[in-house]
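Below is one structure, written out as structure tokens, with a few remarks after it.
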Amino acid sequence: MISDHEPDVGRQEVAAATPPATVGELNDLITEMVMALSEAKALPGSGKVLIDREQMLAVLGILADRLPEEMRQARWMVRERDTFIARTNENAREVIERARHRAKEMVSNTNIIAEATEEANILVRRAEDTSHQIRLEAEDYAEDRLSRLEDVLMRVLDQVRSMRSELHQTRSIG
């Protein structure tokens with residue numbers, strides 16, 4: 001039992017004197033602790049037991065010191081893995097946040113482009129309408145001027161004819 005493991009010997013002395021335990025030896029130490037607790041005297045009316053603290057601490061110290069190096073390395077690796085996973089998760093969260101931000105920017109840019117395209121189309125339609133209106137007005141103006149020129153030319157032509165006719169009459173009289 002527990003008393004067989006020299007509870008008075010310091011933890012460091014035991015660790016230095018004994019090599020790492022096998023799984024079977026560790027199981028034996030745990031079994032002894034369980035038996036010591038189960039055989040401990042109960043305090044009347046409380047359900048609690050009375051154990052020797054020094055004995056328990058000594059056995060726990062022996063257990064801790066005799067854990068195989070592989071278990072210590074495994075604990076270290078688990079801590080390193082947890083740290084790595086935490087860092088990786090944080091990096092992933094940052095990447096996701098940047099991606100969301102970029103997506104919002106792209107959607108915003110897409111909306112701006114769509115609005116600009118719509119505005120440009122409206123401006124092009126207005127320019128085409130204005131151009132069509134100006135062309136119609138220019139054609140109307142040209143038609144009016146040409147019509148007036150035609151009237152003026154017709155009057156001039158009539159005067160030229162009239163003058164020629166007079167010229168022909170004065171020749172025939174004379």
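If you're wondering about the labels, chains in the structure tokens are A, B, ... by order shown, residues count from 1 in each chain, ligands from 1 in order shown.
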- Task: Once DSSP has gone over the backbone, tell me which residues of chain A are in alpha helix (DSSP H), as a VMD selection string.
- Result: chain A and resid 11 to 17 23 to 39 53 to 65 69 to 173
Got time to write the residues from that selection, C-alpha atoms, as a compact mmCIF listing (two decimals), in the first residue's frame?
```
# COMPACT_ATOMS: atom_id res chain seq x y z
CA ARG A 11 9.88 13.98 -4.11
CA GLN A 12 13.07 15.05 -5.87
CA GLU A 13 15.10 12.33 -4.20
CA VAL A 14 12.62 9.70 -5.38
CA ALA A 15 12.59 11.11 -8.89
CA ALA A 16 16.36 11.14 -9.10
CA ALA A 17 16.67 7.64 -7.68
CA VAL A 23 2.43 1.72 -17.36
CA GLY A 24 1.92 -1.28 -15.06
CA GLU A 25 3.89 0.36 -12.24
CA LEU A 26 1.91 3.56 -12.64
CA ASN A 27 -1.30 1.57 -12.55
CA ASP A 28 -0.12 -0.14 -9.34
CA LEU A 29 0.53 3.24 -7.68
CA ILE A 30 -2.91 4.49 -8.70
CA THR A 31 -4.51 1.28 -7.47
CA GLU A 32 -2.76 1.69 -4.12
CA MET A 33 -4.07 5.24 -3.82
CA VAL A 34 -7.60 4.10 -4.61
CA MET A 35 -7.35 1.30 -2.03
CA ALA A 36 -5.94 3.67 0.60
CA LEU A 37 -8.85 6.06 0.02
CA SER A 38 -11.43 3.27 0.08
CA GLU A 39 -9.96 1.79 3.28
CA ARG A 53 -1.98 14.19 3.51
CA GLU A 54 1.79 13.65 3.48
CA GLN A 55 1.39 10.06 2.34
CA MET A 56 -0.96 11.09 -0.50
CA LEU A 57 1.30 13.95 -1.58
CA ALA A 58 4.32 11.66 -1.55
CA VAL A 59 2.61 9.05 -3.73
CA LEU A 60 1.32 11.73 -6.10
CA GLY A 61 4.85 13.12 -6.27
CA ILE A 62 6.22 9.68 -7.09
CA LEU A 63 3.55 9.30 -9.79
CA ALA A 64 4.37 12.65 -11.31
CA ASP A 65 8.11 12.06 -11.23
CA GLU A 69 9.15 11.07 -20.79
CA GLU A 70 6.82 10.20 -23.66
CA MET A 71 3.84 11.33 -21.55
CA ARG A 72 5.56 14.65 -20.78
CA GLN A 73 6.36 15.04 -24.47
CA ALA A 74 2.79 14.13 -25.35
CA ARG A 75 1.47 16.80 -22.95
CA TRP A 76 3.88 19.31 -24.49
CA MET A 77 2.78 18.27 -27.99
CA VAL A 78 -0.88 18.62 -26.99
CA ARG A 79 -0.20 22.14 -25.67
CA GLU A 80 1.71 23.00 -28.84
CA ARG A 81 -1.08 21.56 -30.97
CA ASP A 82 -3.67 23.57 -29.05
CA THR A 83 -1.57 26.73 -29.49
CA PHE A 84 -1.16 25.98 -33.21
CA ILE A 85 -4.89 25.34 -33.62
CA ALA A 86 -5.72 28.56 -31.77
CA ARG A 87 -3.30 30.51 -34.00
CA THR A 88 -4.65 28.81 -37.11
CA ASN A 89 -8.24 29.53 -36.07
CA GLU A 90 -7.36 33.18 -35.45
CA ASN A 91 -5.67 33.40 -38.86
CA ALA A 92 -8.71 31.76 -40.43
CA ARG A 93 -11.01 34.25 -38.72
CA GLU A 94 -8.86 37.13 -40.00
CA VAL A 95 -8.87 35.72 -43.55
CA ILE A 96 -12.63 35.25 -43.42
CA GLU A 97 -13.10 38.79 -42.08
CA ARG A 98 -10.88 40.21 -44.84
CA ALA A 99 -12.79 38.17 -47.42
CA ARG A 100 -16.12 39.46 -46.09
CA HIS A 101 -14.81 43.02 -46.16
CA ARG A 102 -13.51 42.56 -49.71
CA ALA A 103 -16.81 41.00 -50.78
CA LYS A 104 -18.68 43.99 -49.36
CA GLU A 105 -16.33 46.32 -51.25
CA MET A 106 -16.84 44.34 -54.44
CA VAL A 107 -20.61 44.41 -54.02
CA SER A 108 -20.40 48.12 -53.30
CA ASN A 109 -18.19 48.62 -56.37
CA THR A 110 -20.56 46.51 -58.43
CA ASN A 111 -23.46 48.65 -57.25
CA ILE A 112 -21.52 51.81 -58.03
CA ILE A 113 -20.65 50.46 -61.49
CA ALA A 114 -24.27 49.49 -62.09
CA GLU A 115 -25.47 52.93 -60.99
CA ALA A 116 -22.80 54.63 -63.12
CA THR A 117 -23.75 52.48 -66.11
CA GLU A 118 -27.40 53.33 -65.64
CA GLU A 119 -26.58 57.04 -65.31
CA ALA A 120 -24.36 56.82 -68.41
CA ASN A 121 -27.17 55.14 -70.35
CA ILE A 122 -29.56 57.89 -69.27
CA LEU A 123 -27.04 60.55 -70.37
CA VAL A 124 -26.52 58.79 -73.72
CA ARG A 125 -30.30 58.62 -74.28
CA ARG A 126 -30.62 62.31 -73.40
CA ALA A 127 -27.74 63.16 -75.74
CA GLU A 128 -29.32 61.12 -78.53
CA ASP A 129 -32.69 62.82 -77.93
CA THR A 130 -31.01 66.25 -77.89
CA SER A 131 -29.03 65.39 -81.01
CA HIS A 132 -32.20 64.23 -82.78
CA GLN A 133 -33.99 67.43 -81.70
CA ILE A 134 -31.09 69.62 -82.89
CA ARG A 135 -30.99 67.76 -86.22
CA LEU A 136 -34.74 68.27 -86.70
CA GLU A 137 -34.43 71.95 -85.80
CA ALA A 138 -31.45 72.31 -88.16
CA GLU A 139 -33.39 70.65 -90.95
CA ASP A 140 -36.39 72.92 -90.28
CA TYR A 141 -34.11 75.97 -90.26
CA ALA A 142 -32.40 74.88 -93.49
CA GLU A 143 -35.79 74.19 -95.09
CA ASP A 144 -37.02 77.65 -94.07
CA ARG A 145 -33.88 79.38 -95.39
CA LEU A 146 -33.92 77.42 -98.62
CA SER A 147 -37.60 78.19 -99.07
CA ARG A 148 -36.93 81.93 -98.56
CA LEU A 149 -33.95 81.75 -100.92
CA GLU A 150 -36.15 80.03 -103.46
CA ASP A 151 -38.73 82.81 -103.10
CA VAL A 152 -36.04 85.47 -103.49
CA LEU A 153 -34.57 83.67 -106.48
CA MET A 154 -38.03 83.30 -108.00
CA ARG A 155 -38.58 87.05 -107.65
CA VAL A 156 -35.15 87.76 -109.11
CA LEU A 157 -35.86 85.31 -111.93
CA ASP A 158 -39.20 87.01 -112.50
CA GLN A 159 -37.45 90.39 -112.60
CA VAL A 160 -34.80 89.03 -114.96
CA ARG A 161 -37.50 87.71 -117.23
CA SER A 162 -39.38 90.92 -116.98
CA MET A 163 -36.24 92.92 -117.84
CA ARG A 164 -35.44 90.67 -120.73
CA SER A 165 -38.91 90.98 -121.98
CA GLU A 166 -38.66 94.76 -121.76
CA LEU A 167 -35.31 94.60 -123.51
CA HIS A 168 -36.82 92.56 -126.31
CA GLN A 169 -39.73 94.99 -126.64
CA THR A 170 -37.51 98.02 -126.83
CA ARG A 171 -35.45 96.37 -129.54
CA SER A 172 -38.44 95.55 -131.59
CA ILE A 173 -39.74 99.13 -131.34
```
- Message: I'd like to know which residues of range 33-150 of chain A are strand (DSSP E or B) (by DSSP, run on the backbone); could you write them as a PyMOL selection string?
- Response: chain A and resi 41-42+49-50
Only N, CA, C and O atoms, please: the residues just picked out, written as a PDB file, in the first residue's frame.
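Heads up, here's the output in selection-v3.pdb:
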```pdb
ATOM      1  N   LYS A  41     -10.510   5.604   7.182  1.00  0.00           N
ATOM      2  CA  LYS A  41     -11.558   5.636   8.201  1.00  0.00           C
ATOM      3  C   LYS A  41     -12.474   6.822   7.943  1.00  0.00           C
ATOM      4  O   LYS A  41     -12.015   7.938   7.684  1.00  0.00           O
ATOM      5  N   ALA A  42     -13.766   6.546   8.022  1.00  0.00           N
ATOM      6  CA  ALA A  42     -14.771   7.587   7.802  1.00  0.00           C
ATOM      7  C   ALA A  42     -14.928   8.430   9.052  1.00  0.00           C
ATOM      8  O   ALA A  42     -14.862   7.928  10.175  1.00  0.00           O
ATOM      9  N   VAL A  49     -13.590  11.077   4.705  1.00  0.00           N
ATOM     10  CA  VAL A  49     -12.621  10.132   5.258  1.00  0.00           C
ATOM     11  C   VAL A  49     -11.383  10.881   5.724  1.00  0.00           C
ATOM     12  O   VAL A  49     -11.091  11.983   5.274  1.00  0.00           O
ATOM     13  N   LEU A  50     -10.666  10.241   6.598  1.00  0.00           N
ATOM     14  CA  LEU A  50      -9.438  10.808   7.134  1.00  0.00           C
ATOM     15  C   LEU A  50      -8.266  10.105   6.472  1.00  0.00           C
ATOM     16  O   LEU A  50      -8.130   8.888   6.558  1.00  0.00           O
TER      17      LEU A  50
END
```
